[in-house]
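**Q** To start, I am sharing the structure in question, which I have written as structure tokens.
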Amino acid sequence: MMNLQPALERRTEDLFLPLLLALPLHLRHDIQLFQRIKLLRNVPILRELPDQLLAEMARRAQVRYYSEFENIVTLNDQGDDLYIIVEGRVELSGLVPSGQVKAITTLRSGHYFGEAALFEPTVRIVTAKCVQTSEILSLGRDVFQFFVNEV
């Protein structure tokens with residue numbers, strides 16, 4: 001059975017992009033903020049946070065764009081951020097028992113990694129490399145802890 005979902009998503013995007021661009025800037029910012037909140041709410045440790053707190057985190061989260069084959073994080077790097085894939089695909093690879101570095105999984109839009117870094121400094125146990133050009137939302141430990149300490 002053929003999966004038509006990607007084709008439908010592209011067609012929907014083609015139809016709605018001109019409409020979105022025609023909206024006033026403040027409405028486009030509101031839509032972007034809503035999308036960021038939705039992505040943050042997908043992360044289990046953030047799911048139960050109050051809407052206002054998530055909205056503030058979403059405002060301070062960083063959006064970054066990565067090229068195909070570009071690393072987001074590298075094995076053994078210092079970890080300070082949670083990363084959520086807005087669009088694109090990211091391959092996670094790490095050490096396997098034989099001591100080799102191998103691909104573990106490929107993440108897609110809505111998936112996330114690095115959540116342990118929100119609580120304390122960590123050393124990355126994977127390399128995250130973009131399989132295609134990707135848009136990534138990152139939330140730093142400093143932002144997360146500032147708002148969680150406010151609750």
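The chains in the structure tokens are called A, B, ... from first to last as shown; in each chain the residues are counted from 1, and the ligands are counted from 1 in the order shown.
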Would you mind listing what lies within 12 Å of Phe69 (chain A) as a VMD selection string, with only C-alpha atoms counted and same-chain residues fewer than 6 positions away left out?
**A** chain A and resid 88 to 92 127 to 134
**Q** From a backbone DSSP assignment, name each residue in region 13-144 of chain A labelled alpha helix (DSSP H), as a VMD selection string.
**A** chain A and resid 13 to 22 25 to 41 51 to 60 141 to 144
**Q** Kindly export the residues of the current selection with C-alpha atoms, as an mmCIF file, in the first residue's frame.
**A**
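See part.cif below for the written result:
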data_model
loop_
_atom_site.group_PDB
_atom_site.id
_atom_site.type_symbol
_atom_site.label_atom_id
_atom_site.label_comp_id
_atom_site.auth_asym_id
_atom_site.auth_seq_id
_atom_site.Cartn_x
_atom_site.Cartn_y
_atom_site.Cartn_z
ATOM 1 C CA GLU A 13 2.078 23.306 2.511
ATOM 2 C CA ASP A 14 2.028 24.611 -1.080
ATOM 3 C CA LEU A 15 -1.564 25.750 -0.644
ATOM 4 C CA PHE A 16 -1.186 27.388 2.771
ATOM 5 C CA LEU A 17 2.205 29.049 2.449
ATOM 6 C CA PRO A 18 0.870 32.002 0.381
ATOM 7 C CA LEU A 19 -1.957 32.420 2.907
ATOM 8 C CA LEU A 20 0.450 32.424 5.835
ATOM 9 C CA LEU A 21 2.736 34.932 4.164
ATOM 10 C CA ALA A 22 -0.238 37.210 3.588
ATOM 11 C CA LEU A 25 3.456 39.723 11.069
ATOM 12 C CA HIS A 26 2.018 39.537 14.598
ATOM 13 C CA LEU A 27 -0.301 36.694 13.551
ATOM 14 C CA ARG A 28 2.584 34.794 11.944
ATOM 15 C CA HIS A 29 4.512 35.165 15.217
ATOM 16 C CA ASP A 30 1.504 33.836 17.153
ATOM 17 C CA ILE A 31 1.270 30.806 14.850
ATOM 18 C CA GLN A 32 4.999 30.173 15.222
ATOM 19 C CA LEU A 33 4.711 30.418 19.025
ATOM 20 C CA PHE A 34 1.775 27.977 19.009
ATOM 21 C CA GLN A 35 3.821 25.512 16.934
ATOM 22 C CA ARG A 36 6.759 25.781 19.341
ATOM 23 C CA ILE A 37 4.501 25.205 22.361
ATOM 24 C CA LYS A 38 3.042 22.139 20.652
ATOM 25 C CA LEU A 39 6.545 20.750 20.017
ATOM 26 C CA LEU A 40 7.620 21.384 23.618
ATOM 27 C CA ARG A 41 4.460 19.722 24.923
ATOM 28 C CA ASP A 51 0.637 26.853 29.358
ATOM 29 C CA GLN A 52 2.074 30.222 30.367
ATOM 30 C CA LEU A 53 5.372 28.637 31.406
ATOM 31 C CA LEU A 54 5.606 26.656 28.165
ATOM 32 C CA ALA A 55 4.851 29.810 26.182
ATOM 33 C CA GLU A 56 7.735 31.633 27.901
ATOM 34 C CA MET A 57 10.085 28.710 27.216
ATOM 35 C CA ALA A 58 8.935 28.653 23.588
ATOM 36 C CA ARG A 59 9.711 32.364 23.223
ATOM 37 C CA ARG A 60 13.266 31.786 24.449
ATOM 38 C CA ARG A 141 19.279 24.120 30.434
ATOM 39 C CA ASP A 142 19.634 27.699 31.704
ATOM 40 C CA VAL A 143 16.236 28.673 30.233
ATOM 41 C CA PHE A 144 14.555 25.483 31.445
#
**Q** Excluding Leu137 (chain A) and its own-chain neighbours fewer than 3 positions away, which residues fall within 7 Å of it when counting only C-alpha atoms? Please give them as a list of chain:residue names.
**A**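 Returned residues: A:Ala61, A:Gln62, A:Val63, A:Arg64, A:Tyr83, A:Ile84, A:Ile85, A:Val86.
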**Q** Write out as an NGL selection string all residues of region 20-124 of chain A that backbone DSSP assigns to strand (DSSP E or B).
**A** :A and (62-66 or 71-73 or 78-79 or 81-87 or 89-95 or 101-108 or 112-113 or 122-123)
**Q** In Å to one decimal, how far is CA of Gly110 (chain A) from CA of Gln78 (chain A)?
**A**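 Calculated distance between CA of Gln78 (chain A) and CA of Gly110 (chain A) is 23.4 Å.
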